[in-house]
Structures are given as structure tokens and as C-alpha cells.
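Structure file run-v1.tsv with TSV, C-alpha atoms:
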chain	number	residue	atom	x	y	z
A	1	MET	CA	-5.09	-35.63	-8.63
A	2	LYS	CA	-5.21	-32.14	-10.10
A	3	SER	CA	-2.54	-29.64	-9.06
A	4	PHE	CA	-2.91	-25.85	-9.09
A	5	ALA	CA	-0.55	-25.78	-12.09
A	6	THR	CA	-2.94	-28.08	-13.93
A	7	VAL	CA	-5.84	-25.80	-12.99
A	8	LEU	CA	-4.01	-22.76	-14.31
A	9	ILE	CA	-3.25	-24.45	-17.61
A	10	ALA	CA	-6.87	-25.54	-17.99
A	11	LEU	CA	-8.15	-22.05	-17.32
A	12	THR	CA	-5.82	-20.13	-19.59
A	13	ILE	CA	-5.27	-22.33	-22.63
A	14	ALA	CA	-7.90	-22.17	-25.35
A	15	GLY	CA	-7.98	-24.66	-28.14
A	16	VAL	CA	-9.50	-22.57	-30.92
A	17	ALA	CA	-8.83	-18.99	-31.93
A	18	SER	CA	-11.96	-16.88	-32.27
A	19	ALA	CA	-12.74	-13.77	-34.29
A	20	ASP	CA	-13.05	-11.78	-31.08
A	21	THR	CA	-10.81	-8.94	-29.91
A	22	LEU	CA	-10.16	-7.54	-26.44
A	23	THR	CA	-8.81	-3.99	-26.37
A	24	ALA	CA	-7.30	-2.85	-23.06
A	25	GLN	CA	-7.20	0.93	-22.60
A	26	VAL	CA	-5.72	2.88	-19.68
A	27	GLU	CA	-7.87	5.85	-18.60
A	28	LEU	CA	-6.85	8.52	-16.10
A	29	LEU	CA	-9.35	9.37	-13.37
A	30	GLY	CA	-8.21	12.92	-12.70
A	31	ALA	CA	-4.99	14.90	-12.90
A	32	ASP	CA	-2.30	13.64	-15.27
A	33	SER	CA	0.56	14.99	-13.16
A	34	ALA	CA	1.68	14.67	-9.56
A	35	GLY	CA	4.49	15.51	-7.24
A	36	THR	CA	6.47	13.00	-5.22
A	37	GLY	CA	4.23	10.88	-3.02
A	38	GLU	CA	0.99	11.94	-4.72
A	39	ALA	CA	-1.17	9.27	-6.33
A	40	ILE	CA	-2.41	9.47	-9.93
A	41	PRO	CA	-5.54	7.28	-10.09
A	42	PHE	CA	-6.37	5.37	-13.25
A	43	ARG	CA	-8.34	2.41	-14.51
A	44	VAL	CA	-8.06	-0.07	-17.36
A	45	VAL	CA	-11.15	-0.72	-19.46
A	46	GLY	CA	-11.39	-3.93	-21.45
A	47	SER	CA	-13.71	-3.86	-24.46
A	48	LEU	CA	-14.71	-6.92	-26.46
A	49	THR	CA	-15.62	-6.71	-30.12
A	50	SER	CA	-16.87	-9.78	-31.95
A	51	ASP	CA	-17.76	-11.19	-35.32
A	52	ASP	CA	-20.54	-13.77	-35.65
A	53	PRO	CA	-21.26	-15.94	-33.79
A	54	GLY	CA	-19.73	-13.77	-31.07
A	55	ASN	CA	-19.01	-14.88	-27.52
A	56	ASP	CA	-20.44	-14.93	-24.02
A	57	GLY	CA	-17.82	-12.67	-22.50
A	58	LEU	CA	-14.37	-12.86	-20.97
A	59	ALA	CA	-13.11	-16.05	-19.34
A	60	PHE	CA	-9.48	-15.00	-18.79
A	61	ILE	CA	-7.34	-11.86	-19.03
A	62	SER	CA	-3.65	-11.08	-18.62
A	63	MET	CA	-1.51	-8.07	-19.48
A	64	ASP	CA	1.80	-6.38	-18.68
A	65	PHE	CA	2.44	-2.78	-17.59
A	66	SER	CA	5.44	-0.54	-18.08
A	67	LEU	CA	6.18	3.13	-17.43
A	68	VAL	CA	8.36	4.58	-20.17
A	69	SER	CA	10.23	7.88	-19.87
A	70	LEU	CA	9.60	10.10	-22.88
A	71	ALA	CA	13.02	11.69	-22.32
A	72	ASP	CA	15.09	8.61	-23.19
A	73	ASN	CA	12.66	5.68	-23.61
A	74	SER	CA	13.95	4.11	-20.38
A	75	THR	CA	11.88	2.57	-17.58
A	76	PRO	CA	13.49	4.02	-14.44
A	77	VAL	CA	10.49	3.74	-12.09
A	78	GLU	CA	10.00	0.50	-10.16
A	79	LEU	CA	6.33	-0.26	-10.76
A	80	GLY	CA	6.33	-3.02	-8.15
A	81	THR	CA	6.24	-0.26	-5.53
A	82	ALA	CA	4.91	2.68	-7.57
A	83	MET	CA	1.82	1.05	-9.08
A	84	THR	CA	-1.16	-0.61	-7.45
A	85	LEU	CA	-3.52	-2.77	-9.52
A	86	ALA	CA	-6.70	-4.36	-8.23
A	87	ALA	CA	-10.07	-5.59	-9.38
A	88	PRO	CA	-12.71	-2.83	-9.47
A	89	GLY	CA	-14.37	-2.08	-6.17
A	90	ASP	CA	-17.87	-2.67	-7.53
A	91	GLY	CA	-17.28	-6.43	-7.58
A	92	THR	CA	-17.78	-6.88	-11.32
A	93	MET	CA	-14.47	-8.74	-11.72
A	94	ASP	CA	-14.56	-10.72	-8.46
A	95	ASN	CA	-15.10	-13.97	-10.36
A	96	PHE	CA	-11.61	-13.52	-11.86
A	97	VAL	CA	-9.92	-13.22	-8.45
A	98	GLN	CA	-9.28	-15.78	-5.73
A	99	PRO	CA	-11.17	-17.44	-4.19
A	100	LEU	CA	-14.05	-17.20	-6.71
A	101	GLY	CA	-11.68	-17.20	-9.66
A	102	TYR	CA	-8.07	-18.12	-10.26
A	103	ASP	CA	-5.14	-15.72	-10.26
A	104	ALA	CA	-1.51	-16.17	-9.37
A	105	ASN	CA	-1.61	-12.48	-8.40
A	106	TYR	CA	-4.37	-10.37	-9.90
A	107	GLY	CA	-2.26	-7.24	-9.49
A	108	GLY	CA	0.59	-8.80	-11.44
A	109	THR	CA	4.20	-9.67	-10.60
A	110	ALA	CA	7.10	-7.23	-10.53
A	111	VAL	CA	9.79	-8.20	-13.04
A	112	GLY	CA	12.57	-5.65	-13.32
A	113	ASN	CA	10.76	-2.31	-13.27
A	114	ASP	CA	7.65	-3.66	-15.02
A	115	ILE	CA	4.55	-5.51	-13.85
A	116	VAL	CA	3.73	-8.66	-15.79
A	117	GLN	CA	0.81	-11.07	-16.04
A	118	ALA	CA	-1.75	-9.01	-14.17
A	119	GLY	CA	-5.19	-10.56	-14.35
A	120	GLY	CA	-7.06	-13.76	-13.66
A	121	ALA	CA	-9.59	-16.30	-14.87
A	122	GLN	CA	-13.12	-17.46	-14.15
A	123	ASN	CA	-14.02	-20.95	-13.00
A	124	THR	CA	-14.86	-22.20	-16.49
A	125	ILE	CA	-13.48	-25.66	-15.62
A	126	GLY	CA	-16.20	-26.27	-13.04
A	127	ASN	CA	-13.88	-26.77	-10.06
A	128	ASN	CA	-15.99	-27.64	-7.01
A	129	PRO	CA	-14.15	-27.11	-3.70
A	130	GLY	CA	-16.50	-29.64	-2.09
A	131	ALA	CA	-15.58	-32.44	-4.48
A	132	ASP	CA	-12.39	-34.37	-5.22
A	133	PRO	CA	-9.64	-33.10	-5.49
A	134	PHE	CA	-10.99	-30.45	-3.05
A	135	LEU	CA	-9.10	-27.48	-4.47
A	136	ALA	CA	-10.07	-24.31	-2.61
A	137	PHE	CA	-10.24	-22.15	-5.71
A	138	PRO	CA	-11.54	-21.28	-8.22
A	139	SER	CA	-14.77	-21.70	-6.28
A	140	ALA	CA	-17.51	-19.74	-8.09
A	141	GLU	CA	-20.51	-22.00	-8.64
A	142	PHE	CA	-21.90	-19.71	-11.35
A	143	ILE	CA	-19.56	-17.61	-13.47
A	144	SER	CA	-20.24	-14.14	-14.86
A	145	ILE	CA	-21.54	-13.98	-18.43
A	146	ASN	CA	-20.95	-11.21	-21.01
A	147	VAL	CA	-18.05	-9.60	-19.14
A	148	GLY	CA	-16.34	-7.05	-21.39
A	149	GLN	CA	-19.15	-6.65	-23.87
A	150	GLY	CA	-19.84	-2.93	-24.01
A	151	GLY	CA	-16.72	-2.26	-21.93
A	152	GLN	CA	-15.68	-3.40	-18.47
A	153	VAL	CA	-13.32	-1.90	-15.90
A	154	VAL	CA	-10.83	-4.73	-15.38
A	155	PHE	CA	-8.35	-2.89	-13.14
A	156	GLU	CA	-8.41	0.09	-10.83
A	157	GLY	CA	-5.02	1.44	-9.92
A	158	THR	CA	-2.78	4.24	-8.76
A	159	LEU	CA	0.66	5.43	-9.79
A	160	THR	CA	2.73	7.15	-7.10
A	161	PHE	CA	6.19	8.54	-7.79
A	162	SER	CA	8.76	8.21	-5.01
A	163	ALA	CA	11.75	10.33	-4.07
A	164	GLY	CA	14.51	9.50	-6.53
A	165	ASP	CA	12.19	8.83	-9.45
A	166	PRO	CA	13.26	11.21	-12.25
A	167	PHE	CA	11.02	14.19	-12.90
A	168	GLY	CA	9.51	14.43	-16.36
A	169	ASP	CA	6.90	12.93	-18.67
A	170	TYR	CA	6.11	9.22	-18.88
A	171	GLU	CA	3.75	6.90	-20.71
A	172	ILE	CA	1.76	4.16	-18.99
A	173	ARG	CA	1.87	1.36	-21.54
A	174	VAL	CA	0.01	-1.94	-21.63
A	175	SER	CA	1.42	-4.86	-23.61
A	176	ASN	CA	1.11	-8.62	-24.06
A	177	VAL	CA	-2.67	-8.51	-23.74
A	178	LEU	CA	-4.04	-12.05	-23.58
A	179	ALA	CA	-7.66	-13.10	-23.35
A	180	ASN	CA	-9.97	-16.08	-23.60
A	181	VAL	CA	-13.68	-15.75	-24.20
A	182	ILE	CA	-16.55	-18.08	-23.41
A	183	SER	CA	-17.88	-19.64	-26.59
A	184	SER	CA	-21.21	-18.26	-27.74
A	185	GLY	CA	-24.34	-20.02	-26.53
A	186	ALA	CA	-22.77	-21.82	-23.56
A	187	ALA	CA	-25.37	-23.16	-21.12
A	188	ALA	CA	-24.97	-21.80	-17.57
A	189	GLY	CA	-25.05	-24.33	-14.76
A	190	SER	CA	-23.84	-25.19	-11.29
A	191	PHE	CA	-20.06	-25.76	-11.44
A	192	ALA	CA	-20.47	-26.17	-15.19
A	193	ILE	CA	-17.63	-26.60	-17.67
A	194	TYR	CA	-17.61	-23.97	-20.43
A	195	PRO	CA	-15.90	-24.09	-23.81
A	196	VAL	CA	-13.52	-21.17	-24.31
A	197	GLU	CA	-11.69	-19.67	-27.27
A	198	ALA	CA	-8.61	-17.50	-27.56
A	199	ALA	CA	-9.29	-13.87	-28.41
A	200	THR	CA	-6.93	-11.38	-29.97
A	201	GLY	CA	-5.49	-9.02	-27.36
A	202	VAL	CA	-4.87	-5.40	-28.33
A	203	ALA	CA	-3.23	-2.71	-26.22
A	204	GLY	CA	-4.87	0.69	-26.46
A	205	GLY	CA	-2.89	3.88	-26.84
A	206	ALA	CA	-0.41	4.87	-24.16
A	207	VAL	CA	-1.42	7.51	-21.59
A	208	THR	CA	0.96	10.33	-20.67
A	209	VAL	CA	1.58	11.29	-17.03
A	210	SER	CA	4.10	13.63	-15.44
A	211	HIS	CA	6.22	13.53	-12.32
A	212	GLN	CA	6.53	17.15	-11.30
A	213	GLU	CA	8.95	18.54	-8.79
A	214	CYS	CA	5.97	20.34	-7.33
A	215	ALA	CA	2.52	20.47	-8.90
A	216	ALA	CA	0.68	23.79	-9.00
A	217	LEU	CA	-2.10	23.92	-6.44
A	218	ALA	CA	-5.61	23.78	-7.90
A	219	PHE	CA	-8.90	21.96	-7.50
A	220	SER	CA	-8.67	18.62	-9.33
A	221	GLU	CA	-11.16	17.72	-12.01
A	222	GLY	CA	-13.81	15.14	-11.34
A	223	ALA	CA	-13.37	11.52	-12.30
A	224	ALA	CA	-15.54	9.02	-14.13
A	225	ASP	CA	-17.10	6.44	-11.80
A	226	ILE	CA	-16.25	8.46	-8.67
A	227	SER	CA	-19.30	10.18	-7.21
A	228	ALA	CA	-19.55	13.94	-6.93
A	229	GLU	CA	-19.78	13.49	-3.17
A	230	GLY	CA	-16.52	11.55	-3.27
A	231	ARG	CA	-14.77	13.98	-5.64
A	232	MET	CA	-16.66	17.19	-6.31
A	233	PHE	CA	-15.97	18.92	-9.61
A	234	ASP	CA	-16.45	22.49	-10.76
A	235	GLY	CA	-19.77	23.18	-12.47
A	236	TYR	CA	-21.63	20.11	-11.19
A	237	ILE	CA	-25.38	20.70	-10.95
A	238	ASP	CA	-27.21	18.33	-8.62
A	239	PRO	CA	-30.36	17.37	-10.60
A	240	ARG	CA	-31.92	15.11	-7.99
A	241	ALA	CA	-35.01	15.72	-5.85
A	242	ASP	CA	-34.98	18.56	-3.33
A	243	THR	CA	-37.52	16.93	-1.01
A	244	THR	CA	-38.13	13.42	0.30
A	245	GLY	CA	-41.37	12.80	2.13
A	246	GLY	CA	-41.91	16.54	2.23
A	247	ASN	CA	-38.56	17.18	3.93
A	248	PRO	CA	-35.80	19.25	2.29
A	249	VAL	CA	-32.81	17.20	1.11
A	250	GLY	CA	-29.64	17.89	-0.81
A	251	LEU	CA	-25.88	17.80	-0.64
A	252	ASP	CA	-24.43	19.11	2.60
A	253	SER	CA	-21.14	17.16	2.70
A	254	PHE	CA	-18.70	16.21	-0.05
A	255	ASP	CA	-15.00	15.74	-0.74
A	256	ILE	CA	-12.82	18.01	-2.80
A	257	VAL	CA	-9.41	16.93	-4.09
A	258	PHE	CA	-6.45	19.23	-4.70
A	259	THR	CA	-3.75	18.53	-7.27
A	260	THR	CA	-1.13	18.57	-4.48
A	261	PRO	CA	-1.29	18.76	-0.67
A	262	ALA	CA	-2.28	22.24	0.49
A	263	GLU	CA	-1.54	24.22	3.64
A	264	ASN	CA	-2.65	27.55	5.01
A	265	THR	CA	-0.89	30.57	3.53
A	266	ASP	CA	1.14	30.95	6.73
A	267	GLY	CA	2.48	27.40	6.46
A	268	SER	CA	0.25	25.89	9.13
A	269	SER	CA	-1.90	22.81	8.52
A	270	LEU	CA	-4.88	23.37	6.26
A	271	ASP	CA	-7.96	24.18	8.33
A	272	MET	CA	-11.41	25.72	8.12
A	273	SER	CA	-10.05	29.27	8.10
A	274	ALA	CA	-8.72	28.77	4.56
A	275	PHE	CA	-12.20	28.34	3.05
A	276	THR	CA	-15.04	30.70	2.27
A	277	VAL	CA	-18.57	29.96	1.05
A	278	SER	CA	-20.81	32.24	-1.02
A	279	GLN	CA	-24.01	31.71	-2.99
A	280	THR	CA	-26.22	33.36	-5.58
A	281	GLY	CA	-29.35	33.20	-3.41
A	282	GLY	CA	-31.77	30.92	-1.60
A	283	ASN	CA	-31.51	29.59	1.92
A	284	ALA	CA	-28.20	30.65	3.41
A	285	VAL	CA	-25.59	27.96	4.00
A	286	ALA	CA	-22.29	28.28	5.82
A	287	LEU	CA	-19.23	26.16	6.34
A	288	ALA	CA	-19.70	23.95	9.37
A	289	GLY	CA	-16.22	22.41	9.26
A	290	ILE	CA	-13.66	20.52	7.22
A	291	ALA	CA	-11.70	17.30	7.71
A	292	THR	CA	-8.46	16.25	6.04
A	293	GLU	CA	-5.63	13.88	6.78
A	294	ASP	CA	-3.20	14.91	4.07
A	295	GLY	CA	-4.20	18.39	2.92
A	296	ARG	CA	-5.12	17.00	-0.48
A	297	VAL	CA	-8.46	15.22	0.04
A	298	VAL	CA	-10.71	17.52	2.06
A	299	THR	CA	-14.22	16.82	3.32
A	300	ILE	CA	-16.38	19.95	3.22
A	301	ASN	CA	-19.27	20.01	5.70
A	302	LEU	CA	-21.99	22.65	5.29
A	303	ASP	CA	-24.58	23.55	7.93
A	304	GLY	CA	-27.43	22.70	5.56
A	305	PRO	CA	-28.17	21.42	2.05
A	306	LEU	CA	-27.28	23.41	-1.05
A	307	PRO	CA	-29.91	26.09	-1.80
A	308	VAL	CA	-32.33	25.02	-4.53
A	309	ASP	CA	-32.15	26.82	-7.90
A	310	ASN	CA	-28.85	28.47	-6.97
A	311	TRP	CA	-25.08	28.16	-7.07
A	312	VAL	CA	-22.75	27.77	-4.10
A	313	THR	CA	-19.09	28.74	-4.50
A	314	ILE	CA	-16.35	27.23	-2.34
A	315	CYS	CA	-13.07	29.18	-2.39
A	316	VAL	CA	-9.73	28.49	-0.72
A	317	ALA	CA	-6.85	30.76	0.23
A	318	ALA	CA	-3.97	28.30	0.55
A	319	ARG	CA	-0.57	27.38	-0.83
A	320	ALA	CA	1.11	24.24	-2.12
A	321	ALA	CA	2.85	22.47	0.74
A	322	CYS	CA	5.68	21.38	-1.54
A	323	SER	CA	6.58	24.84	-2.85
A	324	GLY	CA	4.96	27.47	-0.68
A	325	ASN	CA	3.38	29.02	-3.80
A	326	ASP	CA	-0.11	30.43	-3.28
A	327	ILE	CA	-2.98	29.07	-5.32
A	328	SER	CA	-3.53	31.16	-8.45
A	329	PRO	CA	-6.66	33.25	-9.04
A	330	GLY	CA	-8.99	31.26	-11.25
A	331	ASP	CA	-7.85	27.98	-9.69
A	332	ASP	CA	-9.03	28.85	-6.18
A	333	CYS	CA	-12.81	28.33	-6.40
A	334	ILE	CA	-15.30	25.65	-7.32
A	335	ASP	CA	-19.00	26.21	-8.19
A	336	ILE	CA	-21.75	23.71	-7.34
A	337	GLY	CA	-25.36	24.10	-8.47
A	338	PHE	CA	-28.66	22.58	-7.34
A	339	LEU	CA	-31.44	22.38	-9.93
A	340	PRO	CA	-33.78	19.37	-9.72
A	341	GLY	CA	-34.39	17.87	-13.14
A	342	ASP	CA	-31.35	19.41	-14.88
A	343	ILE	CA	-29.82	16.10	-15.93
A	344	ASP	CA	-28.06	17.48	-19.00
A	345	GLN	CA	-26.32	20.12	-16.82
A	346	SER	CA	-27.41	23.00	-19.04
A	347	GLY	CA	-28.51	25.29	-16.21
A	348	GLY	CA	-32.17	24.94	-17.20
A	349	VAL	CA	-34.79	22.19	-17.12
A	350	ASN	CA	-36.31	21.22	-20.47
A	351	PRO	CA	-37.44	18.10	-22.42
A	352	ILE	CA	-33.82	17.24	-23.27
A	353	ASP	CA	-33.32	16.27	-19.63
A	354	LEU	CA	-35.80	13.41	-19.96
A	355	PHE	CA	-34.02	12.32	-23.14
A	356	ARG	CA	-30.65	12.41	-21.32
A	357	PHE	CA	-32.11	10.32	-18.49
A	358	ARG	CA	-33.07	7.63	-20.98
A	359	GLN	CA	-29.62	7.73	-22.61
A	360	PHE	CA	-27.88	7.31	-19.26
A	361	ILE	CA	-30.09	4.53	-17.94
A	362	ASN	CA	-29.86	2.59	-21.23
A	363	GLY	CA	-26.09	2.96	-21.47
A	364	VAL	CA	-26.22	4.96	-24.70
A	365	SER	CA	-24.04	7.61	-23.09
A	366	ALA	CA	-22.42	8.16	-19.71
A	367	PRO	CA	-21.44	11.16	-17.61
A	368	THR	CA	-17.94	12.50	-18.21
A	369	PHE	CA	-17.44	12.95	-14.47
A	370	GLY	CA	-19.27	11.35	-11.55
A	371	THR	CA	-21.54	8.33	-11.46
A	372	LEU	CA	-24.97	7.55	-12.86
A	373	GLU	CA	-26.40	8.00	-9.36
A	374	ASP	CA	-25.20	11.63	-9.35
A	375	PHE	CA	-27.48	12.35	-12.31
A	376	ILE	CA	-30.42	9.92	-12.41
A	377	ASP	CA	-30.89	8.65	-8.84
A	378	THR	CA	-33.76	11.14	-8.69
A	379	ASP	CA	-35.22	9.93	-5.39
A	380	ARG	CA	-31.77	9.78	-3.70
A	381	SER	CA	-32.22	6.13	-2.70
A	382	GLY	CA	-28.59	5.29	-3.47
A	383	THR	CA	-29.42	3.13	-6.49
A	384	VAL	CA	-30.91	3.73	-9.92
A	385	SER	CA	-34.32	2.11	-10.45
A	386	PRO	CA	-37.52	2.61	-12.49
A	387	LEU	CA	-38.84	4.69	-9.59
A	388	ASP	CA	-36.32	7.38	-10.48
A	389	LEU	CA	-37.98	7.96	-13.86
A	390	PHE	CA	-41.37	8.07	-12.13
A	391	ARG	CA	-40.02	10.57	-9.58
A	392	LEU	CA	-38.50	12.69	-12.37
A	393	ARG	CA	-41.83	12.85	-14.19
A	394	GLN	CA	-43.56	13.82	-10.93
A	395	GLY	CA	-41.06	16.61	-10.40
A	396	LEU	CA	-41.32	17.92	-13.94
A	397	ASN	CA	-45.11	18.00	-13.66
A	398	GLY	CA	-45.15	19.48	-10.16
A	399	VAL	CA	-47.03	16.61	-8.54
A	400	GLY	CA	-47.20	17.46	-4.85
A	401	GLU	CA	-44.68	20.33	-5.11
A	402	ASP	CA	-43.49	23.18	-7.28
A	403	PRO	CA	-42.86	21.98	-10.83
A	404	TRP	CA	-39.23	21.63	-11.92
A	405	ALA	CA	-40.03	22.15	-15.60
A	406	ASP	CA	-38.68	25.42	-17.05
A	407	ALA	CA	-36.75	26.21	-13.86
A	408	SER	CA	-33.27	27.67	-14.33
A	409	LEU	CA	-30.15	28.68	-12.47
A	410	PRO	CA	-28.65	32.17	-12.33
A	411	ALA	CA	-25.50	32.64	-14.38
A	412	GLN	CA	-22.61	30.61	-13.00
A	413	PRO	CA	-20.40	32.88	-10.85

Could the structure of this file be written out as C-alpha cells, please?
Amino acid sequence: MKSFATVLIALTIAGVASADTLTAQVELLGADSAGTGEAIPFRVVGSLTSDDPGNDGLAFISMDFSLVSLADNSTPVELGTAMTLAAPGDGTMDNFVQPLGYDANYGGTAVGNDIVQAGGAQNTIGNNPGADPFLAFPSAEFISINVGQGGQVVFEGTLTFSAGDPFGDYEIRVSNVLANVISSGAAAGSFAIYPVEAATGVAGGAVTVSHQECAALAFSEGAADISAEGRMFDGYIDPRADTTGGNPVGLDSFDIVFTTPAENTDGSSLDMSAFTVSQTGGNAVALAGIATEDGRVVTINLDGPLPVDNWVTICVAARAACSGNDISPGDDCIDIGFLPGDIDQSGGVNPIDLFRFRQFINGVSAPTFGTLEDFIDTDRSGTVSPLDLFRLRQGLNGVGEDPWADASLPAQP
């Protein structure tokens, strides 16, 4: 009878080395510094490169993480408590995680102050929980093909410094990258067995982060793969439709993130009185309320959608809770525009926007901040589909409404 140890060996040992390479790169999703107790979000992207005949994607991944002080090359932070590692929330790596896949602990195991052997494997051995020896996992009937080709988020994580962790600069380093790939041309099937090959694992460059005694208060930048509604960023122009079924639509609620928890300038808890709203024109909007649990992530609620063809500016008069220092001029406001059709974020609508739509939807390029839906979900359905291109063309040509083509925003405040 098979044991789980036997399953693990079968999933992770490849008999033949391939000419394929997996590069694992840490990418920050916002600020690169934080005070005590403040999370620095990041992700790890795995990218496969191949020589002929190539492969059918990742079958297994594993890697180690360390946090190295640039002051003395030590590792004084206990990553077992400071770092979280998980499969991406979009489900694209679920077949590598129990119960669909096999992992001893997808988030890795704390050894000393490092985290080792984070990752998992797909059910390439065809384990069927309904057949002898009735092992509960890995249980995926059909595995995922082509994972990692073109890049794949393999981990989403956070790093949070605790009291007692030394202040200063650190590097998040990945090492001991291991990977197996599915041999090219494997036939997919129900609980099928797939040939796998060992790939060369390469750690990308280290990423520098800082533990600050108290971070300066400012609006955080946006983050890749986090929607503008979930983390608004300065200068974002909403290029999606302004009407649905003849009814006005647009952003009227979104989250902003500060670099450190904020409070009112008198030391009281951050509230609505700290914020002001102004605009360059259009239908007037006002602040309807805010919501926050920690003074760092704040939900802004307006009394109506952003005015079309205009900018709205959100400003805050507040101070850093950790220092009592007021937010600096220039760091205290964020501008948000609304110009249907302006996919390239230029402040004007022109033929390049249609070109940018095609680049985004075909994966030729990607937004620096935000998600694809923020830019090319033209009909605001929540997903990107061919109807969005149709709706964009309608808008540019003014079918049933004022044409978007050649429209422009006033100068950004």
C-alpha cells in the first residue's frame, strides 16, 4: 500500500533533466518600507523558459526564503511569524495545494529564522481518492497545463516586522529553487499519469525592504493585480463606460491605503472630518462617509459616481499615529479621473487606446498598477470578455450616447 511519503517521492522526483528553467522573482506590491506591525505585501512570480521541445508547464515547485540584514548580513527576523506565504487568491495554483495537490505545507516550514520548502505539486501520479489505496490527496482529476509559461504568481505573501526586530534595510531572498515540469505533449486524462522532468531552478534578484522606526505618512502607491477599487492610486483614470442601460455608473466607493496608520491631527481616531473632496467640474460629488479599522486602509464612500470627463481630488489632514508628525504637503492628496475610453491613461481618447486594449487583452503588456478589469472591463460586468471590445467601439463611435472619441480631461490638479 502506498504511504504519503511514497506519494511525495513520486511527485517530486524527476528522472530526466530538461532544458527548462524556472526563475522565481519576488515583487513588492506597494511600499518597500513599514513600521512595526505594518504589513509589506509581495508576491513571487515563477517564469518558465524552455528550449525545444519545451514542456507543458509546472508539475512541482519548492523554494526557501530568508530575510538578510544589509547592515551585517545576519538574519535576525523570525520569518515563521513575520512572513505569510500562500497560493494566489485567484485559484491558479490550487492544484498544487491540498487537497487537489500535494504539499507538506504550501507556505513552507520555519527552520531557524528562515522558511524552507515552500511549495507543492500537482497530481501527476494519477492518485484517485476513490480507488485503492484511498489516499485523500492529491485528488485533482484533471491537472493544470502550462502553469508558469508566460509567468505565474506562485505565492502571495506579507512581511510584518514585530517589536524587537532591528530597524534598517533588509533583502528578501529566495534560494534552493526546485521545479519539475510536465513533459511536452503529455495527453490529458482523468486521473492520468504524466511524465515529468527536472527543471533548473533560478532565484531572481533580491528585493530590498526597510523596517522603519516610524514611516512617513503618505498615500501608498497602487499595486499590480490589486484593483483600483481595492487600492486606489494617484492619477488613475477610470476608462470604463459611464452608463449602463442608460443609467449613469462609475466609481463611488474605493479603498485608499496609507504607508502607516493615520490619526486625526489632534490625536483622535481617523474619521470623516480629516478628508476633503474637490473636483475640476461636472456633477458635484461629496464625501458620504469613511470606514477604517486600523487607520491605514480606509474605505472612501462618495454620494455619487465620479463626474465624467473630470478629476476628483481626495485630500487628508492627518498625522502618523506612530510619530505624531503631520502628513507633508504633496503627500496629502490623491487625484482620480473619469474619462471613458482613455485606456492608455493619457488624459485624452485617441486611436492608441484601442491599440492598448488589444495589448492588454492579448497579454502583450499589463498595467503597472491595478487589474485588467480596471482598464478593459468596458461594460463593468466584473470580467473581461469580447463584449468589452464591442462596447468600447460603441463608445468611441457614439452609438446611443455622446461619442468618447477625442474627449479629454482638464489638466490634472

Worksheet item: Taking all atoms listed in the file into account, which of A:Glu197, A:Asp326, A:Asp90, A:Asp72 comes nearest Pro166 of chain A?
Response: A:Asp72

Practice prompt. List the neighbours of Gln279 of chain A out to 8 Å using all atoms listed in the file; skip same-chain residues closer than 6 positions along the sequence, and give me the result as a PyMOL selection string.
Written response: chain A and resi 310-313

Worksheet item: With distances taken over all atoms listed in the file, which of A:Gln117, A:Gly235, A:Asp225, A:Met272 is nearest to Ala366 of chain A?
Response: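 So, comparing all the options, the nearest one is A:Asp225.
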
Worksheet item: Smallest atom-to-atom distance to Arg296 of chain A: which of A:Thr243, A:Asp379, A:Ile334, A:Ala218, using all atoms listed in the file?
Response: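 Checking each of A:Thr243, A:Asp379, A:Ile334, A:Ala218 against Arg296 of chain A, counting all atoms listed in the file, the winner is A:Ala218.
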
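Straight-line separation from atom CA of Asp303 of chain A to atom CA of Thr276 of chain A: 13.2 Å.
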
Fill in: Asn301 of chain A environment, 9 Å, all atoms listed in the file, sequence neighbours closer than 6 positions dropped, as a VMD selection string
chain A and resid 252 to 255 286 to 291

Since the input is missing atoms for segment 200-215 of chain A, could you rebuild it with N, CA and C atoms and give the result as a compact mmCIF listing (two decimals), in the coordinates of the input?
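Output (part13.txt):
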# COMPACT_ATOMS: atom_id res chain seq x y z
N THR A 200 -8.08 -12.22 -29.64
CA THR A 200 -6.93 -11.38 -29.97
C THR A 200 -6.85 -10.24 -28.96
N GLY A 201 -5.69 -10.10 -28.33
CA GLY A 201 -5.49 -9.02 -27.36
C GLY A 201 -4.83 -7.81 -28.01
N VAL A 202 -5.38 -6.63 -27.76
CA VAL A 202 -4.87 -5.40 -28.33
C VAL A 202 -4.67 -4.38 -27.22
N ALA A 203 -3.50 -3.77 -27.18
CA ALA A 203 -3.23 -2.71 -26.22
C ALA A 203 -3.68 -1.37 -26.79
N GLY A 204 -4.47 -0.63 -26.02
CA GLY A 204 -4.87 0.69 -26.46
C GLY A 204 -3.70 1.66 -26.40
N GLY A 205 -3.94 2.88 -26.81
CA GLY A 205 -2.89 3.88 -26.84
C GLY A 205 -2.34 4.19 -25.47
N ALA A 206 -1.05 4.52 -25.42
CA ALA A 206 -0.41 4.87 -24.16
C ALA A 206 -0.99 6.17 -23.60
N VAL A 207 -0.92 6.32 -22.28
CA VAL A 207 -1.42 7.51 -21.59
C VAL A 207 -0.24 8.23 -20.96
N THR A 208 -0.17 9.55 -21.17
CA THR A 208 0.96 10.33 -20.67
C THR A 208 0.68 10.88 -19.28
N VAL A 209 1.64 10.73 -18.38
CA VAL A 209 1.58 11.29 -17.03
C VAL A 209 2.90 11.99 -16.76
N SER A 210 2.90 12.86 -15.75
CA SER A 210 4.10 13.63 -15.44
C SER A 210 4.43 13.56 -13.97
N HIS A 211 5.71 13.40 -13.69
CA HIS A 211 6.22 13.53 -12.32
C HIS A 211 6.80 14.92 -12.19
N GLN A 212 6.11 15.76 -11.44
CA GLN A 212 6.53 17.15 -11.30
C GLN A 212 7.26 17.35 -9.98
N GLU A 213 8.24 18.23 -10.02
CA GLU A 213 8.95 18.54 -8.79
C GLU A 213 7.99 19.09 -7.75
N CYS A 214 7.04 19.87 -8.22
CA CYS A 214 5.97 20.34 -7.33
C CYS A 214 4.82 20.79 -8.20
N ALA A 215 3.68 20.12 -8.09
CA ALA A 215 2.52 20.47 -8.90
C ALA A 215 1.92 21.79 -8.42
